[in-house]
Structure formats: C-alpha cells, structure tokens
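Pasted below: model07.cif, mmCIF, C-alpha atoms (C1' of nucleotides).
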```cif
data_target
loop_
_atom_site.label_atom_id
_atom_site.label_comp_id
_atom_site.auth_asym_id
_atom_site.auth_seq_id
_atom_site.Cartn_x
_atom_site.Cartn_y
_atom_site.Cartn_z
CA MET V 732 -18.11 -32.04 -9.11
CA THR V 733 -15.09 -30.56 -7.39
CA THR V 734 -12.65 -30.18 -10.24
CA ARG V 735 -8.93 -30.16 -9.72
CA HIS V 736 -7.12 -26.90 -9.70
CA THR V 737 -4.70 -25.57 -12.26
CA ARG V 738 -1.63 -23.47 -11.70
CA ARG V 739 -3.65 -20.53 -13.02
CA ASP V 740 -6.26 -20.97 -10.31
CA VAL V 741 -3.53 -20.81 -7.72
CA VAL V 742 -2.01 -17.64 -9.18
CA GLU V 743 -5.42 -16.01 -9.38
CA ALA V 744 -6.33 -16.86 -5.82
CA ALA V 745 -2.92 -15.60 -4.72
CA GLY V 746 -3.60 -12.29 -6.45
CA ARG V 747 -6.90 -12.02 -4.63
CA LEU V 748 -5.35 -12.60 -1.21
CA PHE V 749 -2.20 -10.57 -1.81
CA ALA V 750 -4.37 -7.65 -2.93
CA GLN V 751 -6.59 -7.98 0.11
CA LYS V 752 -4.24 -8.79 2.96
CA GLY V 753 -0.81 -8.20 1.49
CA TYR V 754 1.92 -10.69 0.67
CA HIS V 755 3.23 -11.01 4.23
CA GLY V 756 -0.32 -11.07 5.56
CA THR V 757 -1.16 -14.10 3.46
CA SER V 758 0.07 -17.55 4.50
CA MET V 759 0.26 -20.55 2.21
CA ARG V 760 -2.35 -22.14 4.45
CA ASP V 761 -4.65 -19.13 3.87
CA LEU V 762 -4.17 -19.61 0.16
CA GLY V 763 -4.87 -23.32 0.40
CA ARG V 764 -8.06 -22.65 2.33
CA GLU V 765 -9.16 -20.19 -0.36
CA LEU V 766 -8.97 -23.06 -2.86
CA GLY V 767 -10.25 -25.78 -0.56
CA LEU V 768 -7.01 -27.64 -0.06
CA LEU V 769 -4.03 -27.75 2.26
CA GLY V 770 -1.20 -25.28 2.16
CA SER V 771 1.31 -27.98 1.44
CA SER V 772 -0.70 -29.17 -1.55
CA LEU V 773 -0.05 -25.91 -3.34
CA TYR V 774 3.51 -27.00 -3.96
CA ALA V 775 2.26 -29.45 -6.55
CA HIS V 776 1.50 -26.39 -8.68
CA ILE V 777 4.13 -23.85 -7.70
CA SER V 778 7.62 -23.88 -6.29
CA SER V 779 7.60 -21.05 -3.78
CA LYS V 780 5.49 -18.30 -2.32
CA GLU V 781 7.69 -15.62 -3.78
CA ASP V 782 7.37 -17.13 -7.28
CA LEU V 783 3.66 -16.65 -6.87
CA LEU V 784 4.12 -12.98 -6.07
CA VAL V 785 6.47 -12.53 -9.01
CA GLU V 786 3.91 -14.06 -11.32
CA VAL V 787 1.01 -11.93 -10.09
CA VAL V 788 3.08 -8.76 -10.26
CA ASP V 789 4.37 -9.61 -13.74
CA ARG V 790 0.82 -10.02 -14.96
CA GLY V 791 -0.05 -6.58 -13.68
CA ALA V 792 3.04 -5.09 -15.30
CA ALA V 793 2.28 -6.75 -18.63
CA MET V 794 -1.28 -5.46 -18.72
CA PHE V 795 -0.26 -1.86 -18.17
CA GLN V 796 2.52 -2.26 -20.72
CA GLU V 797 0.16 -3.56 -23.41
CA SER V 798 -2.38 -0.89 -22.63
CA ALA V 799 0.23 1.84 -23.01
CA GLU V 800 1.49 0.47 -26.31
CA ARG V 801 -2.00 0.34 -27.74
CA ALA V 802 -2.72 3.88 -26.55
CA LEU V 803 0.49 5.30 -27.96
CA SER V 804 -0.34 3.95 -31.40
CA THR V 805 -3.70 5.72 -31.41
CA PRO V 806 -3.85 8.15 -34.34
CA GLY V 807 -4.99 11.74 -33.90
CA SER V 808 -3.95 14.38 -31.39
CA ALA V 809 -2.05 14.06 -28.16
CA VAL V 810 -5.36 14.60 -26.40
CA ASP V 811 -6.71 11.52 -28.15
CA ARG V 812 -3.70 9.50 -27.05
CA LEU V 813 -4.01 10.79 -23.49
CA ARG V 814 -7.63 9.73 -23.46
CA ALA V 815 -6.58 6.33 -24.78
CA LEU V 816 -4.01 6.02 -22.01
CA VAL V 817 -6.59 6.95 -19.40
CA ALA V 818 -9.27 4.66 -20.84
CA GLY V 819 -6.76 1.83 -21.12
CA HIS V 820 -5.70 2.32 -17.51
CA VAL V 821 -9.31 2.30 -16.32
CA GLY V 822 -9.88 -0.88 -18.30
CA VAL V 823 -6.91 -2.60 -16.71
CA VAL V 824 -7.86 -1.53 -13.19
CA LEU V 825 -11.50 -2.57 -13.55
CA GLY V 826 -10.70 -5.81 -15.32
CA HIS V 827 -7.82 -7.00 -13.16
CA MET V 828 -8.02 -5.24 -9.85
CA ASP V 829 -6.19 -7.90 -7.85
CA GLU V 830 -3.11 -8.00 -10.06
CA VAL V 831 -3.13 -4.21 -10.21
CA ARG V 832 -3.25 -3.79 -6.46
CA THR V 833 -0.55 -6.37 -5.96
CA PHE V 834 1.58 -4.72 -8.65
CA LEU V 835 1.16 -1.31 -7.04
CA ASN V 836 1.44 -2.20 -3.36
CA GLU V 837 3.36 -5.42 -2.87
CA ALA V 838 6.52 -4.86 -4.92
CA ARG V 839 8.44 -4.05 -1.75
CA ALA V 840 8.07 -7.67 -0.67
CA LEU V 841 10.11 -8.77 -3.69
CA ASP V 842 13.87 -9.27 -3.51
CA GLY V 843 16.14 -6.66 -5.08
CA GLY V 844 16.28 -8.03 -8.61
CA HIS V 845 12.57 -8.61 -9.03
CA ARG V 846 11.72 -5.33 -7.35
CA ALA V 847 14.04 -3.48 -9.73
CA ARG V 848 12.22 -5.02 -12.69
CA VAL V 849 8.88 -3.81 -11.33
CA LEU V 850 10.21 -0.29 -10.81
CA ALA V 851 11.56 -0.33 -14.37
CA ALA V 852 8.16 -1.39 -15.68
CA ARG V 853 6.49 1.45 -13.79
CA ASP V 854 9.05 3.87 -15.19
CA ARG V 855 8.37 2.75 -18.76
CA TYR V 856 4.66 3.20 -18.17
CA GLU V 857 5.15 6.67 -16.73
CA GLN V 858 7.35 7.46 -19.72
CA ALA V 859 4.38 6.87 -22.03
CA PHE V 860 2.42 9.53 -20.17
CA ARG V 861 5.34 11.94 -20.21
CA GLN V 862 5.75 11.48 -23.94
CA VAL V 863 2.11 12.18 -24.74
CA LEU V 864 2.14 15.21 -22.46
CA ALA V 865 5.23 16.59 -24.20
CA GLU V 866 3.60 16.01 -27.60
CA GLY V 867 0.53 17.87 -26.47
CA VAL V 868 2.60 20.85 -25.41
CA GLU V 869 4.27 21.07 -28.82
CA GLU V 870 0.93 20.57 -30.48
CA GLY V 871 -0.59 23.41 -28.47
CA SER V 872 -3.27 21.28 -26.81
CA PHE V 873 -1.60 21.51 -23.40
CA ARG V 874 -0.32 24.55 -21.60
CA ALA V 875 3.05 25.72 -22.89
CA ASP V 876 4.54 26.03 -19.40
CA LEU V 877 3.72 22.43 -18.49
CA ASP V 878 6.30 20.23 -16.81
CA PRO V 879 5.53 16.85 -18.45
CA LYS V 880 7.42 15.00 -15.72
CA VAL V 881 5.45 16.40 -12.79
CA SER V 882 2.15 16.40 -14.70
CA ALA V 883 2.59 12.75 -15.64
CA ILE V 884 3.04 11.92 -11.97
CA PHE V 885 -0.11 13.84 -11.04
CA VAL V 886 -2.19 12.11 -13.70
CA LEU V 887 -0.86 8.71 -12.70
CA SER V 888 -1.48 9.48 -9.05
CA ILE V 889 -5.18 9.84 -9.79
CA LEU V 890 -5.24 6.70 -11.93
CA ASN V 891 -3.31 4.60 -9.46
CA ALA V 892 -5.71 5.49 -6.66
CA LEU V 893 -8.78 4.23 -8.53
CA ASP V 894 -8.65 0.82 -6.88
CA ARG V 895 -8.95 2.52 -3.50
CA TRP V 896 -12.41 3.95 -4.09
CA TYR V 897 -13.99 3.04 -7.41
CA ARG V 898 -16.56 0.25 -7.27
CA PRO V 899 -18.25 -1.05 -10.43
CA GLY V 900 -22.01 -0.86 -10.18
CA GLY V 901 -21.88 2.52 -8.46
CA PRO V 902 -23.25 5.80 -9.80
CA LEU V 903 -20.30 6.24 -12.16
CA ASP V 904 -19.81 3.69 -14.94
CA ALA V 905 -16.49 3.11 -16.68
CA ASP V 906 -17.16 5.58 -19.50
CA GLY V 907 -18.37 8.22 -17.08
CA LEU V 908 -15.22 7.67 -15.05
CA VAL V 909 -13.00 8.22 -18.09
CA ASP V 910 -14.93 11.40 -18.91
CA ALA V 911 -14.64 12.69 -15.36
CA LEU V 912 -10.92 11.94 -15.31
CA MET V 913 -10.27 13.68 -18.63
CA GLU V 914 -12.31 16.69 -17.64
CA PHE V 915 -10.45 17.04 -14.36
CA VAL V 916 -7.06 16.56 -15.93
CA MET V 917 -7.67 18.85 -18.89
CA MET V 918 -9.53 21.70 -17.22
CA GLY V 919 -9.03 21.33 -13.49
CA ILE V 920 -11.67 22.56 -11.10
CA GLY V 921 -11.23 26.32 -11.56
CA SER V 922 -13.87 28.40 -13.31
CA GLY V 923 -11.18 30.33 -15.11
CA SER V 924 -12.76 33.60 -14.01
CA LYS V 925 -9.50 34.99 -12.68
CA GLU V 926 -7.18 34.17 -15.59
CA MET M 445 26.60 7.22 25.99
CA THR M 446 23.90 4.82 24.90
CA THR M 447 20.80 6.30 26.47
CA ARG M 448 17.80 4.22 27.33
CA HIS M 449 14.84 4.27 25.06
CA THR M 450 11.45 5.77 25.70
CA ARG M 451 8.10 4.53 24.58
CA ARG M 452 8.14 7.31 22.00
CA ASP M 453 11.35 5.99 20.47
CA VAL M 454 9.71 2.62 20.06
CA VAL M 455 6.61 4.06 18.41
CA GLU M 456 8.75 6.15 16.07
CA ALA M 457 10.94 3.25 15.05
CA ALA M 458 7.82 1.15 14.53
CA GLY M 459 6.45 3.82 12.21
CA ARG M 460 9.67 3.74 10.24
CA LEU M 461 9.62 -0.02 9.77
CA PHE M 462 5.87 -0.33 9.20
CA ALA M 463 6.13 2.35 6.50
CA GLN M 464 9.06 0.61 4.88
CA LYS M 465 8.25 -3.07 5.10
CA GLY M 466 4.64 -3.13 6.20
CA TYR M 467 3.15 -4.28 9.49
CA HIS M 468 3.22 -7.98 8.65
CA GLY M 469 6.66 -7.61 7.12
CA THR M 470 8.08 -6.25 10.37
CA SER M 471 8.83 -8.59 13.27
CA MET M 472 9.29 -7.51 16.85
CA ARG M 473 12.89 -8.73 16.52
CA ASP M 474 13.35 -6.42 13.49
CA LEU M 475 12.05 -3.57 15.59
CA GLY M 476 14.32 -4.45 18.47
CA ARG M 477 17.34 -4.55 16.16
CA GLU M 478 16.39 -1.09 14.83
CA LEU M 479 16.74 0.20 18.39
CA GLY M 480 19.69 -1.93 19.40
CA LEU M 481 17.88 -4.27 21.74
CA LEU M 482 16.10 -7.59 21.74
CA GLY M 483 12.57 -8.07 20.49
CA SER M 484 11.41 -9.27 23.87
CA SER M 485 12.75 -6.13 25.53
CA LEU M 486 10.23 -4.02 23.67
CA TYR M 487 7.49 -5.32 25.92
CA ALA M 488 8.87 -3.19 28.73
CA HIS M 489 7.56 -0.21 26.74
CA ILE M 490 4.50 -1.51 24.94
CA SER M 491 1.98 -4.26 25.41
CA SER M 492 1.49 -5.66 21.93
CA LYS M 493 2.52 -5.28 18.32
CA GLU M 494 -0.95 -4.25 17.27
CA ASP M 495 -1.05 -1.51 19.94
CA LEU M 496 2.03 -0.13 18.26
CA LEU M 497 0.27 -0.03 14.90
CA VAL M 498 -2.78 1.60 16.42
CA GLU M 499 -0.61 4.29 17.95
CA VAL M 500 1.30 5.06 14.74
CA VAL M 501 -1.89 5.16 12.70
CA ASP M 502 -3.65 7.37 15.26
CA ARG M 503 -0.79 9.84 15.09
CA GLY M 504 -1.16 10.04 11.33
CA ALA M 505 -4.91 10.51 11.61
CA ALA M 506 -4.53 13.25 14.22
CA MET M 507 -2.07 15.21 12.09
CA PHE M 508 -4.33 15.26 9.07
CA GLN M 509 -7.27 16.14 11.29
CA GLU M 510 -5.49 19.13 12.83
CA SER M 511 -4.25 20.28 9.46
CA ALA M 512 -7.78 20.20 8.03
CA GLU M 513 -9.21 22.13 10.95
CA ARG M 514 -6.58 24.82 10.63
CA ALA M 515 -7.15 25.07 6.88
CA LEU M 516 -10.92 25.28 7.19
CA SER M 517 -10.62 28.25 9.53
CA THR M 518 -8.52 30.17 7.02
CA PRO M 519 -10.29 33.42 6.11
CA GLY M 520 -10.74 34.47 2.51
CA SER M 521 -12.05 32.59 -0.51
CA ALA M 522 -12.60 28.89 -1.01
CA VAL M 523 -9.49 28.94 -3.19
CA ASP M 524 -7.52 30.21 -0.19
CA ARG M 525 -8.89 27.43 1.96
CA LEU M 526 -8.15 24.83 -0.70
CA ARG M 527 -4.60 26.09 -0.88
CA ALA M 528 -4.41 25.87 2.92
CA LEU M 529 -5.66 22.28 2.78
CA VAL M 530 -3.08 21.39 0.13
CA ALA M 531 -0.23 23.18 1.91
CA GLY M 532 -1.23 21.58 5.20
CA HIS M 533 -1.29 18.15 3.61
CA VAL M 534 2.13 18.68 2.07
CA GLY M 535 3.44 19.77 5.45
CA VAL M 536 2.08 16.66 7.15
CA VAL M 537 3.48 14.34 4.48
CA LEU M 538 6.93 15.95 4.46
CA GLY M 539 7.12 16.25 8.22
CA HIS M 540 5.79 12.84 9.20
CA MET M 541 6.17 10.55 6.23
CA ASP M 542 6.35 7.32 8.24
CA GLU M 543 3.13 7.86 10.14
CA VAL M 544 1.46 9.01 6.95
CA ARG M 545 2.47 5.95 4.98
CA THR M 546 1.43 3.66 7.79
CA PHE M 547 -1.88 5.50 8.12
CA LEU M 548 -2.53 5.21 4.39
CA ASN M 549 -1.30 1.68 3.71
CA GLU M 550 -1.40 -0.44 6.85
CA ALA M 551 -4.92 0.10 8.14
CA ARG M 552 -5.98 -3.24 6.68
CA ALA M 553 -3.78 -4.97 9.26
CA LEU M 554 -5.94 -3.56 12.05
CA ASP M 555 -8.87 -5.47 13.51
CA GLY M 556 -12.39 -4.40 12.58
CA GLY M 557 -12.96 -1.79 15.26
CA HIS M 558 -9.68 0.02 14.85
CA ARG M 559 -9.88 -0.18 11.08
CA ALA M 560 -13.34 1.37 11.15
CA ARG M 561 -12.00 4.29 13.17
CA VAL M 562 -9.28 4.89 10.59
CA LEU M 563 -11.78 4.81 7.73
CA ALA M 564 -13.95 7.27 9.63
CA ALA M 565 -10.98 9.59 10.10
CA ARG M 566 -10.23 9.44 6.38
CA ASP M 567 -13.87 10.19 5.62
CA ARG M 568 -13.84 13.26 7.86
CA TYR M 569 -10.69 14.47 6.16
CA GLU M 570 -12.21 13.95 2.71
CA GLN M 571 -15.29 15.78 3.92
CA ALA M 572 -13.19 18.90 4.51
CA PHE M 573 -12.10 18.86 0.88
CA ARG M 574 -15.67 18.28 -0.33
CA GLN M 575 -16.91 21.19 1.73
CA VAL M 576 -14.33 23.64 0.41
CA LEU M 577 -14.99 22.49 -3.14
CA ALA M 578 -18.74 23.03 -2.70
CA GLU M 579 -18.08 26.49 -1.26
CA GLY M 580 -15.93 27.34 -4.24
CA VAL M 581 -18.67 26.33 -6.64
CA GLU M 582 -21.18 28.62 -4.93
CA GLU M 583 -18.62 31.36 -4.79
CA GLY M 584 -17.95 31.03 -8.51
CA SER M 585 -14.25 30.19 -8.16
CA PHE M 586 -14.80 26.61 -9.26
CA ARG M 587 -16.68 25.32 -12.26
CA ALA M 588 -20.44 25.29 -11.76
CA ASP M 589 -20.83 21.72 -13.04
CA LEU M 590 -18.30 20.33 -10.55
CA ASP M 591 -19.05 17.16 -8.60
CA PRO M 592 -17.44 18.00 -5.24
CA LYS M 593 -17.44 14.35 -4.23
CA VAL M 594 -15.50 13.05 -7.22
CA SER M 595 -13.25 16.11 -7.39
CA ALA M 596 -12.33 15.75 -3.72
CA ILE M 597 -11.27 12.18 -4.40
CA PHE M 598 -9.16 13.25 -7.37
CA VAL M 599 -7.41 15.98 -5.39
CA LEU M 600 -6.78 13.64 -2.49
CA SER M 601 -5.50 10.96 -4.85
CA ILE M 602 -2.72 13.29 -5.93
CA LEU M 603 -1.95 14.32 -2.36
CA ASN M 604 -1.95 10.79 -1.01
CA ALA M 605 0.53 9.66 -3.65
CA LEU M 606 3.14 12.26 -2.68
CA ASP M 607 4.99 9.88 -0.41
CA ARG M 608 5.51 7.55 -3.35
CA TRP M 609 7.66 9.92 -5.36
CA TYR M 610 8.43 13.24 -3.65
CA ARG M 611 11.86 13.48 -2.09
CA PRO M 612 12.95 16.60 -0.16
CA GLY M 613 16.15 18.05 -1.50
CA GLY M 614 15.09 17.41 -5.08
CA PRO M 615 14.41 20.03 -7.75
CA LEU M 616 11.02 20.89 -6.28
CA ASP M 617 10.91 22.41 -2.79
CA ALA M 618 7.80 22.32 -0.59
CA ASP M 619 6.48 25.70 -1.75
CA GLY M 620 7.09 24.83 -5.38
CA LEU M 621 5.24 21.58 -4.83
CA VAL M 622 2.21 23.38 -3.39
CA ASP M 623 2.25 25.78 -6.35
CA ALA M 624 2.48 22.93 -8.86
CA LEU M 625 -0.35 21.10 -7.12
CA MET M 626 -2.62 24.14 -7.06
CA GLU M 627 -1.89 24.98 -10.67
CA PHE M 628 -2.67 21.44 -11.79
CA VAL M 629 -5.82 21.20 -9.72
CA MET M 630 -7.15 24.63 -10.65
CA MET M 631 -6.31 24.76 -14.34
CA GLY M 632 -5.47 21.23 -15.42
CA ILE M 633 -3.06 20.65 -18.24
CA GLY M 634 -5.19 21.88 -21.16
CA SER M 635 -4.33 25.08 -22.99
CA GLY M 636 -7.98 25.99 -23.15
CA SER M 637 -7.71 26.59 -26.86
CA LYS M 638 -10.68 24.39 -27.65
CA GLU M 639 -13.14 25.64 -25.04
"C1'" DC P 225 16.62 -4.32 29.36
"C1'" DC P 226 18.40 -9.36 29.28
"C1'" DT P 227 17.97 -14.55 29.94
"C1'" DA P 228 15.48 -18.22 29.00
"C1'" DC P 229 11.82 -19.72 27.43
"C1'" DC P 230 6.63 -20.94 25.48
"C1'" DG P 231 3.10 -22.61 22.06
"C1'" DA P 232 1.72 -21.39 17.52
"C1'" DT P 233 2.55 -20.69 12.96
"C1'" DC P 234 5.51 -20.09 9.08
"C1'" DG P 235 7.33 -21.83 4.21
"C1'" DG P 236 8.46 -25.96 2.49
"C1'" DT P 237 9.69 -31.33 1.66
"C1'" DA P 238 9.39 -36.62 1.26
"C1'" DG P 239 6.70 -40.03 0.01
"C1'" DG P 240 2.76 -41.79 -1.49
"C1'" DC J 397 -3.62 -33.64 -3.57
"C1'" DC J 398 -2.98 -35.69 1.35
"C1'" DT J 399 -0.15 -37.44 5.40
"C1'" DA J 400 3.27 -36.54 8.22
"C1'" DC J 401 6.60 -33.97 9.06
"C1'" DC J 402 10.95 -30.37 9.39
"C1'" DG J 403 13.66 -26.35 11.20
"C1'" DA J 404 12.95 -21.52 11.61
"C1'" DT J 405 10.60 -17.77 13.17
"C1'" DC J 406 6.66 -15.58 15.15
"C1'" DG J 407 4.43 -12.63 19.21
"C1'" DG J 408 4.78 -12.74 23.80
"C1'" DT J 409 5.84 -13.99 29.13
"C1'" DA J 410 8.24 -14.92 33.78
"C1'" DG J 411 11.64 -13.57 36.44
"C1'" DG J 412 15.31 -11.02 37.40
#
```
Conversion result in structure tokens:
Amino acid sequence: MTTRHTRRDVVEAAGRLFAQKGYHGTSMRDLGRELGLLGSSLYAHISSKEDLLVEVVDRGAAMFQESAERALSTPGSAVDRLRALVAGHVGVVLGHMDEVRTFLNEARALDGGHRARVLAARDRYEQAFRQVLAEGVEEGSFRADLDPKVSAIFVLSILNALDRWYRPGGPLDADGLVDALMEFVMMGIGSGSKE
Amino acid sequence: MTTRHTRRDVVEAAGRLFAQKGYHGTSMRDLGRELGLLGSSLYAHISSKEDLLVEVVDRGAAMFQESAERALSTPGSAVDRLRALVAGHVGVVLGHMDEVRTFLNEARALDGGHRARVLAARDRYEQAFRQVLAEGVEEGSFRADLDPKVSAIFVLSILNALDRWYRPGGPLDADGLVDALMEFVMMGIGSGSKE
DNA sequence: CCTACCGATCGGTAGG
DNA sequence: CCTACCGATCGGTAGG
C-alpha cells in the first residue's frame, strides 16, 4: 500500500539528499524521485526549494541548541558538563546525521538573512563550550593558561568532523567514542614524560 | 592594460569560486564574470567544468602530499615530525586556502573514478599521521595506550577545520597557531590534577 | 575572446 | 499528486 507522503517525509528526504549531494547538487526532480513522485508534485507540500533547506537547517540548529542547554544544566564539575556537551553532540550527530551535515555544510546556499541566523546559532553553541571551559579553568580542572576561545574551537572541530568518518556498527560504539573524545581532549596524546 | 588570461588564471579563479559557493553553486558564467569575460570564452582555455574541478582538487592533494613527505623526512623525534606535519598543514591551508577547501569539500561532485583518487590521497595523508603517532608511542613520547588510528583522525579533524575559522591578520599568527595546536594535541586541556 | 547559438535541465505554476 | 507547461539558466559548440 503506497501511502501518501507528508510534509515531514519531504523535509526528511531533502535532508538526506542535501547532506549527500549538497543543496545545489540536488534538483527538485531528484527529490521527487527519492519519494517516488514528480518534482512538480512536491509543491503540494512545500512552497520553495530554499524553504526546504531552511527547514532542514533549522532542525539541525535546534537539536544542537537543546543538547547544549541540557548539558549546561548538568550538575557537578565543569568536566562533567564538558562530557555532557560531548555526549550530547555525539547523540545529535548519530541520531540526525543528515540534518547535521546540512546544517554544517550547506548554510552558504542560504540567503543573507537565513545564513546569518545559522551563524548566530553556531556562535551560541560554541559559547556553551567556551563557558564550560572557562568554568573548568577557574575550578582548576583545566590548565590555568588555557584560552577558552581557541580550545572551544579545537574541541568543536573534532566533534564537527565526526560525520565525515564515524560509522555506527564499526569497532567503536557511541559510548566508546565519547570516552575516546574525552580522553583526547583532556589529556592529549603526550605521555607527559617531558613536563 | 587588460592582459589576456592564462589557463592558470582560470584554474585559480575556479578554485576561488568552488571554495566559496561550491562546484554546483558556480556556473561557467559566474566564472567568466570573475575574470571579466563570457562563460563561453572559458572553453578556449579548458575543456569542461569538471576538468576544472579535477585540476583544483589535484593541486590541493599534491600540496598536502608534498608537505607530508617533507615532514616525514624531518630528523629527530616523533614529536618533531608531528610538529612538522602540523606546521606543514598550516602552511598549506594558509597559503592555498581555495584549493584546500575545494579538495576537502567538493570531492563529492567528482565522478566515481576521480573521487576515488581523492579519497586515496586523503588516506595516504592520514597514513603519515598514523605512522608518526605509532612511532611516538614506541619512542615513549606519546601515551602507550594510544590508538594511532583514532588519534590521527582527531588531529586531522582539528587541522581540516582551520579554514572554517582561522583568518590571517587576527590575534593568532601562523607560528602561534602551530604552537596552540601542538599544545592542545600533546597535553589536552586538563590540568592533570586528577591523574 | 566574442557572437550566436544548441538541447537539456532548472525551479516553479495552473488546473485538475 | 499528475498533466502540461513556463521562462530562465545550465554546460558547451561552431565559426570567426
């Protein structure tokens, strides 16, 4: 029984294709084919291709935002909150890879106003990391000479690259990934023999 | 005196636009406008749009390849070679940002054969990092329980994100950036007070 | 490097 | 959701 599609189906399929081939690399006819209908039929559900991108990207932004809020309200030390941020990020990436990839890579296809909103959302998210890093410095858990701004960027660089290599079902499960990330971020790779 | 353009000019301008708007987001007419001529006139210098992408991407691949080879032949400890890899990477990114961004982000627009070559080039480059990390473990400079494979990915994640945020002329110069990268990678952010 | 095109494909609409 | 389109733009060519 070939059910009819909902607007949600269309947005989801759009996320899949935008993540895979990019916004400009995806035609409305491609998207129709993905759902088993004609490109022109999509306009019964949505009003423009760019609206579709805005919606996918907004979903990605919202997920990271919620994850950060939850992590920031975690009680305990700054290390605990950093772990919560990292675990939350991993959860978002693994659970919604298409929206995440579109959010991270396709914002440049948006017009000025929408693009500015995405950049603002990314800034707020980065701010959460900066805050926790600064707390950890005061607390004594992180190195006193840390630059929270640069360190936040480095941590986020690792997190934002996850979609490029991590595949569920591989040797590393989600918990192992969080552990590996925290270990790397907290201790680095050095043996400490020269300090 | 409006000089005539060379094939190199066209490839360079293509790199600029592909990096900025993506391969599918750049039309041959866009590229012509960038150089002050018509889209159709470009075909006096090149034979197809995809050839242009292949050439830009190959340049990026070659630069990373050369940088890795130079770094691997650096005498001294594995830490010295890691620093050479990082400094070389920073040099490539700062010196050839357009090719780098196109190499990193636009490979998916290539057809199967060309895309496979790019992935192979990235693998070889990652291999250089893995090798140095493994050497450092044996040498005792890096933690004995290190997974060189995962650690190489983490280090490269930070390096490959540089083009997303680093701007020359900012508070951090190239040498300072290399120092910050090495410090983060070697020691992490933890104070070590709990180990 | 321009003029003058070509067929194909694009996002999108009217009407059912 | 399909039929039947629309004008605009796409990558690319012939000929100069």
Residues returned when the PyMOL selection byres ((chain V and resi 810) around 9) runs on this file, as a VMD selection string: (chain V and resid 807 to 809 811 to 815 863 to 864 867 872 to 873 917) or (chain M and resid 634)
Tell me which protein, DNA and RNA residues are within 12 Å of DG236 in chain P, counting all atoms listed in the file, leaving out same-chain ones fewer than 5 positions away, and put them as a PyMOL selection string. (chain V and resi 759-760+770-775+777-780) or (chain J and resi 401-404)
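Note on the selection: in this file the PyMOL selection byres ((chain M and resi 562-575) around 6) comes out as Arg559, Ala560, Arg561, Val576, Leu577, Ala578, Pro592, Lys593 and Ala596 of chain M.
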Name the residues captured by the PyMOL selection byres ((chain P and resi 234) around 9) when it is applied to the shown file; answer as a PyMOL selection string. (chain V and resi 758-759) or (chain P and resi 233+235) or (chain J and resi 404-406)
Using CA of Phe749 in chain V and CA of Leu784 in chain V as the two end points, give the distance in Å to one decimal.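 Pair CA of Phe749 in chain V / CA of Leu784 in chain V returns 8.0 Å.
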Might you pull out every residue within 10 Å of Asn836 in chain V, with all atoms listed in the file counted and same-chain residues fewer than 2 positions away left off, and present them as a PyMOL selection string? (chain V and resi 749-750+753-754+788+830-834+838-840) or (chain M and resi 549)
Would you mind listing, as a PyMOL selection string, all residues of chain V that have at least one atom within 6 Å of chain M, where all atoms listed in the file are what counts? chain V and resi 755-756+872-874+885+888-889+892+916-922
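Proximity to DC398 in chain J was assessed for V:Leu768, V:Leu762, V:Ser804, V:Gly901 counting only C-alpha atoms (C1' of nucleotides); the smallest distance is recorded for V:Leu768.
Atom pair CA of Met794 in chain V / CA of Asp782 in chain V: separated by 18.5 Å.
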Please measure the separation of CA of His489 in chain M and CA of Val536 in chain M, giving the value in Å to one decimal.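 If I compute the distance from CA of His489 in chain M to CA of Val536 in chain M, I get 26.4 Å.
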